[in-house]
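Dropping input.cif in here (mmCIF, C-alpha atoms):
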```
data_run
#
loop_
_atom_site.label_atom_id
_atom_site.label_comp_id
_atom_site.auth_asym_id
_atom_site.auth_seq_id
_atom_site.Cartn_x
_atom_site.Cartn_y
_atom_site.Cartn_z
CA MET J 1 3.73 25.28 -33.57
CA LEU J 2 1.55 25.40 -30.44
CA ILE J 3 2.30 27.91 -27.69
CA TRP J 4 3.30 25.12 -25.31
CA GLU J 5 5.97 23.98 -27.75
CA LYS J 6 7.53 27.41 -28.27
CA LYS J 7 10.67 28.44 -26.45
CA ILE J 8 10.23 30.77 -23.48
CA PRO J 9 11.66 34.31 -23.76
CA GLU J 10 15.28 34.72 -22.70
CA TYR J 11 14.38 37.25 -20.03
CA LEU J 12 12.80 34.44 -17.94
CA THR J 13 16.18 32.75 -17.56
CA ASP J 14 18.29 35.91 -17.33
CA LYS J 15 20.46 35.85 -14.19
CA ARG J 16 19.58 39.38 -13.03
CA ASN J 17 15.89 38.80 -13.62
CA ILE J 18 16.03 35.56 -11.64
CA VAL J 19 17.56 37.35 -8.63
CA SER J 20 14.99 40.15 -8.86
CA PHE J 21 12.22 37.59 -9.22
CA ILE J 22 13.24 35.71 -6.06
CA LEU J 23 13.45 38.90 -3.97
CA PHE J 24 10.15 40.24 -5.31
CA THR J 25 8.35 36.94 -4.68
CA ALA J 26 9.66 36.75 -1.11
CA VAL J 27 8.66 40.31 -0.20
CA PHE J 28 5.29 40.06 -1.94
CA ALA J 29 4.38 36.76 -0.28
CA LEU J 30 5.43 37.98 3.20
CA VAL J 31 3.38 41.18 2.93
CA PHE J 32 0.43 39.42 1.33
CA ILE J 33 0.18 36.70 3.98
CA ASN J 34 0.34 39.12 6.90
CA ILE J 35 -2.09 41.69 5.46
CA TYR J 36 -4.74 39.50 3.84
CA SER J 37 -4.34 36.12 5.61
CA PRO J 38 -5.60 34.27 2.51
CA PHE J 39 -8.05 31.39 3.08
CA GLY J 40 -8.11 32.32 6.79
CA VAL J 41 -4.62 30.94 7.25
CA ASP J 42 -4.30 32.62 10.67
CA LYS J 43 -7.40 30.82 11.96
CA TRP J 44 -6.44 27.62 10.20
CA LEU J 45 -3.08 27.66 12.01
CA ASN J 46 -4.67 29.08 15.18
CA VAL J 47 -2.07 31.85 15.58
CA ASN J 48 -2.15 35.56 16.45
CA ASP J 49 -0.66 38.37 14.35
CA LEU J 50 2.83 38.15 15.85
CA GLN J 51 2.92 34.39 15.58
CA LEU J 52 1.67 34.64 12.00
CA LEU J 53 4.52 37.05 11.16
CA VAL J 54 7.11 34.67 12.64
CA TYR J 55 5.53 31.64 11.03
CA SER J 56 5.09 33.32 7.64
CA SER J 57 8.69 34.57 7.73
CA LEU J 58 9.87 31.01 8.30
CA VAL J 59 7.57 29.73 5.58
CA ILE J 60 8.79 32.38 3.11
CA LEU J 61 12.42 31.62 3.96
CA ILE J 62 11.84 27.95 3.19
CA GLY J 63 9.98 28.86 0.01
CA VAL J 64 12.77 31.18 -1.10
CA LEU J 65 15.28 28.39 -0.56
CA VAL J 66 13.21 26.08 -2.76
CA ILE J 67 12.90 28.78 -5.48
CA VAL J 68 16.63 29.60 -5.34
CA ILE J 69 17.56 25.95 -5.88
CA SER J 70 14.91 25.55 -8.57
CA ARG J 71 15.92 28.69 -10.49
CA MET J 72 19.61 27.85 -10.29
CA LEU J 73 18.83 24.48 -11.86
CA MET J 74 16.67 26.18 -14.48
CA PHE J 75 19.43 28.67 -15.32
CA LEU J 76 22.00 25.88 -15.74
CA PHE J 77 19.56 23.72 -17.68
CA SER J 78 18.59 26.53 -20.07
CA ARG J 79 22.20 27.15 -21.11
CA ASN J 80 22.32 23.89 -23.08
CA ASN J 81 18.68 22.88 -23.38
CA PHE J 82 15.42 24.11 -24.89
CA ILE J 83 12.75 25.14 -22.37
CA SER J 84 9.28 25.40 -23.88
CA PHE J 85 6.28 27.12 -22.31
CA GLY J 86 4.91 23.67 -21.47
CA LYS J 87 8.09 22.68 -19.64
CA TYR J 88 8.17 26.04 -17.88
CA ALA J 89 4.58 25.55 -16.62
CA LEU J 90 5.46 22.09 -15.34
CA TRP J 91 8.56 23.54 -13.67
CA ILE J 92 6.44 26.13 -11.82
CA PHE J 93 3.97 23.41 -10.78
CA GLY J 94 6.91 21.42 -9.46
CA GLU J 95 8.15 24.40 -7.42
CA ILE J 96 4.72 24.92 -5.87
CA SER J 97 4.31 21.21 -5.16
CA VAL J 98 7.71 20.95 -3.43
CA MET J 99 7.03 24.04 -1.30
CA ALA J 100 3.57 22.73 -0.36
CA LEU J 101 5.03 19.34 0.58
CA VAL J 102 7.71 20.93 2.77
CA TYR J 103 5.11 23.10 4.52
CA THR J 104 2.89 20.08 5.07
CA LEU J 105 5.73 18.05 6.58
CA ILE J 106 6.61 20.91 8.96
CA GLN J 107 3.01 21.22 10.10
CA TRP J 108 2.52 17.47 10.42
CA PHE J 109 5.73 16.55 12.25
CA PHE J 110 6.66 19.75 14.13
CA LEU J 111 3.51 21.82 14.60
CA HIS J 112 1.13 18.83 14.84
CA VAL J 113 -1.53 20.63 12.82
CA GLY J 114 -4.53 18.59 11.57
CA ASN J 115 -5.37 14.91 11.66
CA ASP J 116 -5.40 14.07 7.96
CA PHE J 117 -2.11 14.40 6.02
CA ILE J 118 -3.83 14.43 2.61
CA ILE J 119 -6.19 17.24 3.60
CA LEU J 120 -3.25 19.14 5.06
CA LEU J 121 -1.26 18.67 1.84
CA ARG J 122 -4.22 19.77 -0.26
CA ASN J 123 -4.70 22.94 1.82
CA SER J 124 -0.97 23.70 1.68
CA LEU J 125 -0.94 23.22 -2.09
CA ARG J 126 -3.96 25.48 -2.53
CA ILE J 127 -2.59 28.30 -0.34
CA THR J 128 0.94 28.05 -1.77
CA ALA J 129 -0.33 28.18 -5.36
CA PHE J 130 -2.51 31.19 -4.63
CA ILE J 131 0.22 33.14 -2.84
CA ILE J 132 3.06 32.21 -5.21
CA LEU J 133 1.28 32.52 -8.56
CA LEU J 134 0.33 36.17 -7.94
CA PRO J 135 3.94 37.48 -7.75
CA TYR J 136 4.90 35.05 -10.55
CA VAL J 137 2.34 36.58 -12.92
CA ILE J 138 3.03 40.18 -11.83
CA PHE J 139 6.78 39.81 -12.31
CA TRP J 140 6.32 38.04 -15.66
CA LEU J 141 4.17 40.91 -16.93
CA TYR J 142 6.73 43.43 -15.67
CA VAL J 143 9.79 41.85 -17.34
CA SER J 144 7.77 41.22 -20.51
CA PHE J 145 6.81 44.90 -20.69
CA LYS J 146 10.38 45.94 -19.87
CA ASP J 147 11.76 43.69 -22.62
CA LYS J 148 9.29 44.97 -25.23
CA TYR J 149 9.98 48.58 -24.23
CA ALA J 150 13.74 48.03 -24.57
CA LYS J 151 13.25 46.47 -28.02
CA LEU J 152 11.06 49.38 -29.08
CA GLU J 153 13.70 51.88 -27.96
CA ARG J 154 16.41 50.01 -29.89
CA PHE J 155 14.15 49.87 -32.95
CA GLU J 156 13.37 53.58 -32.81
CA SER J 157 17.03 54.40 -32.17
CA GLY J 158 18.06 52.33 -35.18
CA ASN J 159 15.44 54.00 -37.36
CA ALA J 160 16.54 57.43 -36.16
CA ASP J 161 20.12 56.63 -37.17
CA LYS J 162 18.95 55.45 -40.59
CA ASP J 163 16.72 58.49 -41.03
CA THR J 164 19.64 60.78 -40.19
CA ILE J 165 21.84 59.06 -42.75
CA PHE J 166 19.15 59.16 -45.43
CA SER J 167 18.34 62.77 -44.62
CA ARG J 168 21.96 63.77 -45.15
CA GLN J 169 22.06 61.80 -48.38
CA SER J 170 18.95 63.59 -49.58
CA ASP J 171 20.37 67.00 -48.70
CA VAL J 172 23.53 66.44 -50.74
CA ASN J 173 21.57 64.74 -53.54
CA ILE J 174 23.70 61.57 -53.88
CA MET J 175 20.78 59.42 -55.00
CA PRO J 176 20.82 59.79 -58.81
CA GLY J 177 17.59 59.14 -60.68
CA LEU J 178 15.47 59.55 -57.56
CA VAL J 179 13.52 62.46 -56.14
CA SER J 180 13.60 62.36 -52.35
CA PHE J 181 11.05 63.87 -49.99
CA CYS J 182 11.67 64.78 -46.35
CA ASP J 183 9.16 65.63 -43.64
CA GLU J 184 9.06 68.95 -41.80
CA LYS J 185 11.91 67.77 -39.54
CA GLY J 186 14.19 67.11 -42.49
CA ILE J 187 13.98 63.31 -42.18
CA LEU J 188 13.72 61.34 -45.41
CA LYS J 189 10.34 59.63 -45.76
CA PHE J 190 9.93 58.78 -49.43
CA SER J 191 11.96 58.45 -52.64
CA ILE J 192 10.62 57.83 -56.13
CA LYS J 193 12.07 57.50 -59.62
CA LYS J 194 11.77 60.83 -61.37
CA ASP J 195 10.08 59.18 -64.36
CA ASP J 196 7.30 57.82 -62.10
CA LEU J 197 6.62 61.07 -60.23
CA LEU J 198 3.53 63.00 -61.40
CA PHE J 199 2.68 65.84 -59.01
CA LEU J 200 2.42 67.02 -55.41
CA GLU J 201 -0.80 68.16 -53.80
CA ALA J 202 -1.03 70.24 -50.62
CA ALA J 203 -3.51 68.99 -47.99
CA ASP J 204 -3.45 71.24 -44.91
CA ASN J 205 -0.11 70.52 -43.19
CA TYR J 206 0.51 67.45 -45.34
CA ILE J 207 1.67 66.73 -48.88
CA LEU J 208 0.20 64.04 -51.12
CA ILE J 209 2.81 62.66 -53.49
CA HIS J 210 1.09 61.33 -56.64
CA TYR J 211 3.13 58.81 -58.61
CA LEU J 212 2.86 55.72 -60.81
CA ASP J 213 3.31 52.25 -59.37
CA ASN J 214 3.43 49.70 -62.19
CA LEU J 215 1.59 52.23 -64.37
CA LYS J 216 -1.18 52.57 -61.78
CA PRO J 217 -1.73 55.82 -59.85
CA ALA J 218 -0.65 55.78 -56.20
CA LYS J 219 -0.31 58.30 -53.38
CA TYR J 220 1.97 58.77 -50.39
CA MET J 221 1.43 61.31 -47.62
CA ILE J 222 4.10 63.13 -45.60
CA ARG J 223 3.89 65.95 -43.09
CA ASN J 224 5.29 69.05 -44.79
CA THR J 225 4.31 72.05 -46.91
CA LEU J 226 4.87 72.76 -50.59
CA LYS J 227 7.10 75.66 -49.61
CA GLY J 228 9.21 73.35 -47.43
CA ILE J 229 9.43 70.75 -50.18
CA GLU J 230 10.29 73.37 -52.81
CA SER J 231 13.23 74.66 -50.79
CA ARG J 232 14.83 71.20 -50.63
CA LEU J 233 14.29 69.89 -54.14
CA PRO J 234 16.91 70.31 -56.86
CA VAL J 235 16.15 73.19 -59.25
CA GLY J 236 13.86 72.17 -62.09
CA SER J 237 12.66 68.85 -60.66
CA LEU J 238 9.20 70.09 -59.83
CA VAL J 239 7.47 73.28 -60.91
CA ARG J 240 4.76 75.16 -59.04
CA CYS J 241 1.60 75.59 -61.12
CA HIS J 242 -0.88 76.40 -58.36
CA ARG J 243 -0.80 77.33 -54.68
CA SER J 244 -1.76 73.72 -53.94
CA PHE J 245 0.10 71.85 -56.69
CA MET J 246 3.59 71.19 -58.04
CA VAL J 247 4.12 69.03 -61.11
CA ASN J 248 6.94 67.03 -62.61
CA ILE J 249 7.31 68.92 -65.91
CA GLU J 250 9.01 65.94 -67.57
CA ASN J 251 5.78 63.95 -67.27
CA VAL J 252 3.51 66.70 -68.60
CA LYS J 253 1.74 65.50 -71.77
CA VAL J 254 -0.77 68.23 -72.53
CA ILE J 255 -2.12 71.59 -71.39
CA ARG J 256 -5.70 72.21 -72.34
CA LYS J 257 -8.20 74.95 -71.68
CA GLU J 258 -11.48 74.00 -70.05
CA LYS J 259 -14.38 76.01 -68.64
CA GLU J 260 -12.75 76.03 -65.21
CA GLY J 261 -9.40 77.13 -66.62
CA PHE J 262 -6.20 75.52 -67.88
CA LEU J 263 -5.54 71.90 -66.91
CA ILE J 264 -2.35 69.83 -67.09
CA GLY J 265 -2.49 66.25 -68.36
CA PHE J 266 0.24 63.63 -67.71
CA GLU J 267 1.99 60.78 -69.47
CA SER J 268 -0.29 58.18 -67.89
CA THR J 269 -2.89 55.60 -68.84
CA VAL J 270 -5.14 57.21 -66.23
CA ASN J 271 -6.77 60.57 -66.85
CA LEU J 272 -5.15 62.71 -64.13
CA THR J 273 -5.25 66.50 -64.34
CA VAL J 274 -3.93 69.42 -62.29
CA PRO J 275 -5.09 73.04 -62.59
CA ILE J 276 -2.86 75.98 -63.49
CA SER J 277 -3.67 79.22 -61.71
CA LYS J 278 -3.22 82.63 -63.32
CA THR J 279 -0.60 83.54 -60.73
CA TYR J 280 1.75 80.74 -61.83
CA MET J 281 0.78 80.53 -65.54
CA GLU J 282 3.58 82.67 -67.00
CA ILE J 283 6.35 81.09 -64.89
CA PHE J 284 5.06 77.60 -65.60
CA ILE J 285 4.92 78.15 -69.38
CA LYS J 286 8.50 79.42 -69.37
CA LYS J 287 9.65 76.30 -67.55
CA LEU J 288 7.96 74.16 -70.22
CA SER J 289 9.53 75.99 -73.15
CA ASN J 290 12.35 73.44 -73.48
CA ILE J 291 10.19 70.33 -73.06
CA PRO J 292 9.79 68.55 -76.45
CA GLY J 293 6.53 67.01 -77.61
CA LEU J 294 4.22 69.22 -75.55
CA THR J 295 0.89 70.08 -77.16
CA ASP J 296 -1.13 73.15 -76.25
CA ASN J 297 -4.81 72.71 -77.04
#
```
Have the structure of the file written as structure tokens, please.
Amino acid sequence: MLIWEKKIPEYLTDKRNIVSFILFTAVFALVFINIYSPFGVDKWLNVNDLQLLVYSSLVILIGVLVIVISRMLMFLFSRNNFISFGKYALWIFGEISVMALVYTLIQWFFLHVGNDFIILLRNSLRITAFIILLPYVIFWLYVSFKDKYAKLERFESGNADKDTIFSRQSDVNIMPGLVSFCDEKGILKFSIKKDDLLFLEAADNYILIHYLDNLKPAKYMIRNTLKGIESRLPVGSLVRCHRSFMVNIENVKVIRKEKEGFLIGFESTVNLTVPISKTYMEIFIKKLSNIPGLTDN
């Protein structure tokens, strides 16, 4: 679907936004005309500053009346009808055209400005479009940002509620068959079947969780320390074998001695190994004493 065929955001037809839009457009246009005199409108109308203020105030009042009527119709129309971006653009063009026509008629019949009605209408249309489109775009960007910010807050709030619930579930260990990992704030970030969990690896202030995904090795990173993880996990789930590693002892397949020391191999089609340091060797071996099928080479 093309952008012109898509429905406009609801915030463009929200009643409070419409009121704010009308007030902002009126104030912006009044200040803009009197400060910048776009297209030399003061010279074109042959007026001084005070006369320009009076004239511009009258012009803005008429423009506001046109916008109020237009936006009321848009609000009523949008309640039962689909307004696409294309229709919305045409609606804005219609607003500008009506305002320009009204201004032209006032100048032609009451102020007796100019000798050619078409040229007068063209100038009015050009000035009106320039002055009106600026606050239109600015306000659209503002409400769009406000809407996205509100959605982001609701999304983050919803996630925070879910994280709190999951964190409590993890703390009381009501997720059987899964090993759950929380970050340093105690918020659940990752859960994995115990059978698929291989080992944890410390990486500065982060932990790399090594596991099997459809028999292929995968990793997931969370912000925490091994000490923090160790304090939360159920006893016996993971065993420390090195200052930088903890392993799932139920997935240990082999312990073998190499030149660099003892290495742990896992029940995996991929050759993954983890070192055992002398500090943790005795404790680790004791933990493995009840694991059947373990071979020591």
Could you name the residues that touch segment 193-206 of chain J at 7 Å or less, counting only C-alpha atoms, but leaving out those on the same chain fewer than 4 positions away, as an MDAnalysis selection string? chainID J and resid 177:179 210:212 221:226 244:248 251
Nearest to Leu133 of chain J, chosen from J:Asn214, J:Ser70, J:Asn271, J:Thr25, with only C-alpha atoms counted in the distances: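 Ranked by minimum distance to Leu133 of chain J, first place goes to J:Thr25.
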Tell me, in Å to one decimal, how far atom CA of Ala100 of chain J is from atom CA of Ile62 of chain J.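 We find that atom CA of Ala100 of chain J and atom CA of Ile62 of chain J lie 10.4 Å from each other.
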Figure out the distance between atom CA of Lys216 of chain J and atom CA of Glu230 of chain J, please, to one decimal in Å. 25.4 Å
If the PyMOL selection byres ((chain J and resi 4-7) around 7) is run on the structure shown, which residues does it catch, given as a PyMOL selection string? chain J and resi 1-3+8-9+82-86
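Residues within 12 Å of Trp108 of chain J, counting all atoms listed in the file and excluding same-chain residues fewer than 2 positions away, are Leu45, Leu101, Val102, Tyr103, Thr104, Leu105, Ile106, Phe110, Leu111, His112, Val113, Gly114, Asn115, Asp116, Phe117, Ile118, Ile119, Leu120, Leu121 and Ser124 of chain J.
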When you draw a straight line from atom CA of Phe28 of chain J to atom CA of Arg126 of chain J, how long is it in Å?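 Straight-line distance from atom CA of Phe28 of chain J to atom CA of Arg126 of chain J works out to 17.3 Å.
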I'd like the residues picked by the PyMOL selection byres ((chain J and resi 131) around 9) written out as a PyMOL selection string, using the chain letters and numbers from the file. chain J and resi 28-29+32-33+38+126-130+132-135
Contact residues around segment 143-148 of chain J with only C-alpha atoms at 12 Å, ignoring same-chain residues under 6 positions, as a ChimeraX atom specification: /J:8-14,16-18,20-21,136-137,154-155
Output file for the selection above: C-alpha atoms, as a PDB file, in the coordinates of the input:
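Result file is part_12.pdb:
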```pdb
ATOM      1  CA  ILE J   8      10.230  30.770 -23.480  1.00  0.00           C
ATOM      2  CA  PRO J   9      11.660  34.310 -23.760  1.00  0.00           C
ATOM      3  CA  GLU J  10      15.280  34.720 -22.700  1.00  0.00           C
ATOM      4  CA  TYR J  11      14.380  37.250 -20.030  1.00  0.00           C
ATOM      5  CA  LEU J  12      12.800  34.440 -17.940  1.00  0.00           C
ATOM      6  CA  THR J  13      16.180  32.750 -17.560  1.00  0.00           C
ATOM      7  CA  ASP J  14      18.290  35.910 -17.330  1.00  0.00           C
ATOM      8  CA  ARG J  16      19.580  39.380 -13.030  1.00  0.00           C
ATOM      9  CA  ASN J  17      15.890  38.800 -13.620  1.00  0.00           C
ATOM     10  CA  ILE J  18      16.030  35.560 -11.640  1.00  0.00           C
ATOM     11  CA  SER J  20      14.990  40.150  -8.860  1.00  0.00           C
ATOM     12  CA  PHE J  21      12.220  37.590  -9.220  1.00  0.00           C
ATOM     13  CA  TYR J 136       4.900  35.050 -10.550  1.00  0.00           C
ATOM     14  CA  VAL J 137       2.340  36.580 -12.920  1.00  0.00           C
ATOM     15  CA  ARG J 154      16.410  50.010 -29.890  1.00  0.00           C
ATOM     16  CA  PHE J 155      14.150  49.870 -32.950  1.00  0.00           C
TER      17      PHE J 155
END
```
Which residues are close to Ile22 of chain J, i.e. within 9 Å by all atoms listed in the file, leaving aside same-chain residues fewer than 6 positions away? Reply as a ChimeraX atom specification. /J:64,67-68,71
Using all atoms listed in the file, can you list as a list in words the residues within 7 Å of (-2.6, 70.1, -61.0)? Cys241, Phe245, Met246, Val247, Leu263, Ile264, Thr273, Val274, Pro275 and Ile276 of chain J
Box time for segment 5-12 of chain J: axis-aligned, enclosing all its listed atoms, 8 Å extra on each side; report centre and edge lengths in Å to one decimal, as JSON.
```
{"center_x": 10.6, "center_y": 30.6, "center_z": -23.1, "size_x": 25.3, "size_y": 29.3, "size_z": 26.3}
```
Between J:Ser97, J:Ile249, J:Gly228, J:Phe75, which residue has the minimum interatomic distance to Arg122 of chain J, considering only C-alpha atoms?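 Smallest separation from Arg122 of chain J among the options: J:Ser97.
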Between J:Ile229, J:Ile192, J:Leu30, J:Leu215, single out the one closest to Leu61 of chain J, counting all atoms listed in the file.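 Checking each of J:Ile229, J:Ile192, J:Leu30, J:Leu215 against Leu61 of chain J, counting all atoms listed in the file, the winner is J:Leu30.
Among J:Glu267, J:Val19, J:Phe24, J:Val54, the residue with the shortest atom-to-atom distance to Ile69 of chain J, counting only C-alpha atoms, is J:Val19.
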